[in-house]
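Step one of this worksheet: look at the structure below.
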Amino acid sequence: AAREVYDVSGAGDTALAGLVLALTAGASLETAAHFANAAAGVVVAKIGTATVTPAELTNYLNHR
């Protein structure tokens with residue numbers, strides 16, 4: 001999904017962490033990739049190096 005990007009710092013780290021988290025939880029590679037992309041999408045919408053909270057990720061996934 002398209003979003004306004006403020007800063008890509010840390011997006012790759014967030015995506016990798018999201019991918020590993022989802023795979024460890026038993027998700028398929030495709031589902032894990034979608035999850036990782038969503039996590040990175042939340043982070044790039046913030047200014048500077050940022051983190052994503054479970055609430056932010058849940059909100060993003062429920063409203064896209």
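Residues in the structure tokens are numbered from 1 in each chain, the chains being A, B, ... in the order shown, and ligands are numbered from 1 in the order shown.
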query: Excluding same-chain residues fewer than 5 positions from Thr58 (chain A), what lies within 10 Å of it counting only C-alpha atoms, as a PyMOL selection string?
result: chain A and resi 38-39+53+63
Keeping N, CA, C and O atoms, export the residues of the selection given above as a short mmCIF file (atom, residue, chain, number, x, y, z; two decimals), in the first residue's frame.
```cif
data_model
loop_
_atom_site.label_atom_id
_atom_site.label_comp_id
_atom_site.auth_asym_id
_atom_site.auth_seq_id
_atom_site.Cartn_x
_atom_site.Cartn_y
_atom_site.Cartn_z
N ALA A 38 4.54 -4.60 6.16
CA ALA A 38 3.65 -3.72 6.95
C ALA A 38 4.43 -3.05 8.07
O ALA A 38 4.27 -1.85 8.31
N ALA A 39 5.27 -3.80 8.75
CA ALA A 39 6.06 -3.23 9.84
C ALA A 39 6.98 -2.12 9.32
O ALA A 39 7.08 -1.05 9.91
N THR A 53 5.21 -0.21 17.30
CA THR A 53 4.62 -0.90 18.45
C THR A 53 3.61 -1.92 17.95
O THR A 53 3.11 -1.81 16.82
N HIS A 63 -6.47 -1.49 8.91
CA HIS A 63 -7.04 -0.35 8.19
C HIS A 63 -6.46 -0.12 6.82
O HIS A 63 -6.61 0.94 6.26
#
```
- prompt: Leaving out region 23-36 of chain A and any residue of its chain fewer than 4 positions from it, which residues lie within 12 Å of it when counting only C-alpha atoms, given as a ChimeraX atom specification?
  reply: /A:1,11-19,40-43,52,54,57-58,60-62
Please produce a file of the residues just selected, as a tab-separated table (two decimals), in the first residue's frame, where the atoms kept are N, CA, C and O atoms.
```
chain	number	residue	atom	x	y	z
A	1	ALA	N	0.85	-1.18	0.00
A	1	ALA	CA	0.00	0.00	0.00
A	1	ALA	C	0.89	1.24	0.00
A	1	ALA	O	1.90	1.28	0.69
A	11	ALA	N	14.28	1.00	8.13
A	11	ALA	CA	13.20	0.22	7.51
A	11	ALA	C	13.63	-1.21	7.20
A	11	ALA	O	12.87	-2.15	7.39
A	12	GLY	N	14.85	-1.36	6.72
A	12	GLY	CA	15.36	-2.70	6.41
A	12	GLY	C	15.50	-3.56	7.65
A	12	GLY	O	15.16	-4.74	7.64
A	13	ASP	N	16.00	-2.96	8.71
A	13	ASP	CA	16.13	-3.68	9.98
A	13	ASP	C	14.76	-4.12	10.49
A	13	ASP	O	14.58	-5.24	10.97
A	14	THR	N	13.80	-3.21	10.37
A	14	THR	CA	12.44	-3.51	10.83
A	14	THR	C	11.83	-4.62	9.98
A	14	THR	O	11.19	-5.53	10.52
A	15	ALA	N	12.03	-4.56	8.68
A	15	ALA	CA	11.49	-5.58	7.79
A	15	ALA	C	12.08	-6.95	8.11
A	15	ALA	O	11.35	-7.95	8.20
A	16	LEU	N	13.39	-7.00	8.30
A	16	LEU	CA	14.04	-8.27	8.61
A	16	LEU	C	13.56	-8.81	9.95
A	16	LEU	O	13.26	-10.01	10.08
A	17	ALA	N	13.44	-7.94	10.94
A	17	ALA	CA	12.95	-8.37	12.25
A	17	ALA	C	11.52	-8.89	12.16
A	17	ALA	O	11.18	-9.91	12.76
A	18	GLY	N	10.69	-8.20	11.38
A	18	GLY	CA	9.31	-8.64	11.20
A	18	GLY	C	9.22	-9.98	10.49
A	18	GLY	O	8.41	-10.84	10.84
A	19	LEU	N	10.07	-10.17	9.49
A	19	LEU	CA	10.10	-11.43	8.75
A	19	LEU	C	10.48	-12.58	9.67
A	19	LEU	O	9.80	-13.62	9.71
A	40	ALA	N	7.63	-2.37	8.20
A	40	ALA	CA	8.50	-1.36	7.61
A	40	ALA	C	7.68	-0.16	7.14
A	40	ALA	O	8.13	0.98	7.25
A	41	GLY	N	6.48	-0.41	6.66
A	41	GLY	CA	5.61	0.68	6.22
A	41	GLY	C	5.24	1.62	7.35
A	41	GLY	O	5.13	2.83	7.15
A	42	VAL	N	5.03	1.08	8.53
A	42	VAL	CA	4.73	1.93	9.69
A	42	VAL	C	5.95	2.78	10.04
A	42	VAL	O	5.84	3.98	10.30
A	43	VAL	N	7.12	2.18	10.01
A	43	VAL	CA	8.34	2.87	10.41
A	43	VAL	C	8.70	4.02	9.45
A	43	VAL	O	9.10	5.09	9.89
A	52	VAL	N	8.27	0.32	15.74
A	52	VAL	CA	6.85	0.09	15.55
A	52	VAL	C	6.33	-0.66	16.77
A	52	VAL	O	6.95	-1.62	17.22
A	54	PRO	N	3.30	-2.92	18.76
A	54	PRO	CA	2.27	-3.88	18.36
A	54	PRO	C	0.95	-3.19	18.02
A	54	PRO	O	0.27	-3.57	17.06
A	57	LEU	N	1.15	-1.54	14.55
A	57	LEU	CA	1.14	-2.55	13.50
A	57	LEU	C	-0.26	-3.15	13.33
A	57	LEU	O	-0.75	-3.31	12.22
A	58	THR	N	-0.91	-3.44	14.44
A	58	THR	CA	-2.28	-3.97	14.39
A	58	THR	C	-3.21	-2.97	13.73
A	58	THR	O	-4.01	-3.34	12.86
A	60	TYR	N	-2.42	-0.57	11.60
A	60	TYR	CA	-2.06	-0.48	10.18
A	60	TYR	C	-2.65	-1.67	9.41
A	60	TYR	O	-3.24	-1.50	8.34
A	61	LEU	N	-2.47	-2.86	9.94
A	61	LEU	CA	-2.96	-4.06	9.24
A	61	LEU	C	-4.49	-4.11	9.17
A	61	LEU	O	-5.04	-4.62	8.20
A	62	ASN	N	-5.16	-3.56	10.17
A	62	ASN	CA	-6.63	-3.58	10.17
A	62	ASN	C	-7.26	-2.50	9.31
A	62	ASN	O	-8.45	-2.57	9.02
```
- request: Please measure the separation of CA of Tyr6 (chain A) and CA of Ala22 (chain A), giving the value in Å to one decimal.
  value: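 Taking CA of Tyr6 (chain A) and CA of Ala22 (chain A), their separation equals 25.4 Å.
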message: Residues of chain A classed as alpha helix (DSSP H) by DSSP on the backbone are to be reported as a ChimeraX atom specification.
response: /A:11-24,29-44,54-62
message: Just want the 6 Å neighbourhood of Val44 (chain A), counted on only C-alpha atoms, with same-chain residues fewer than 5 positions away dropped. Output as a ChimeraX atom specification.
response: /A:5-8
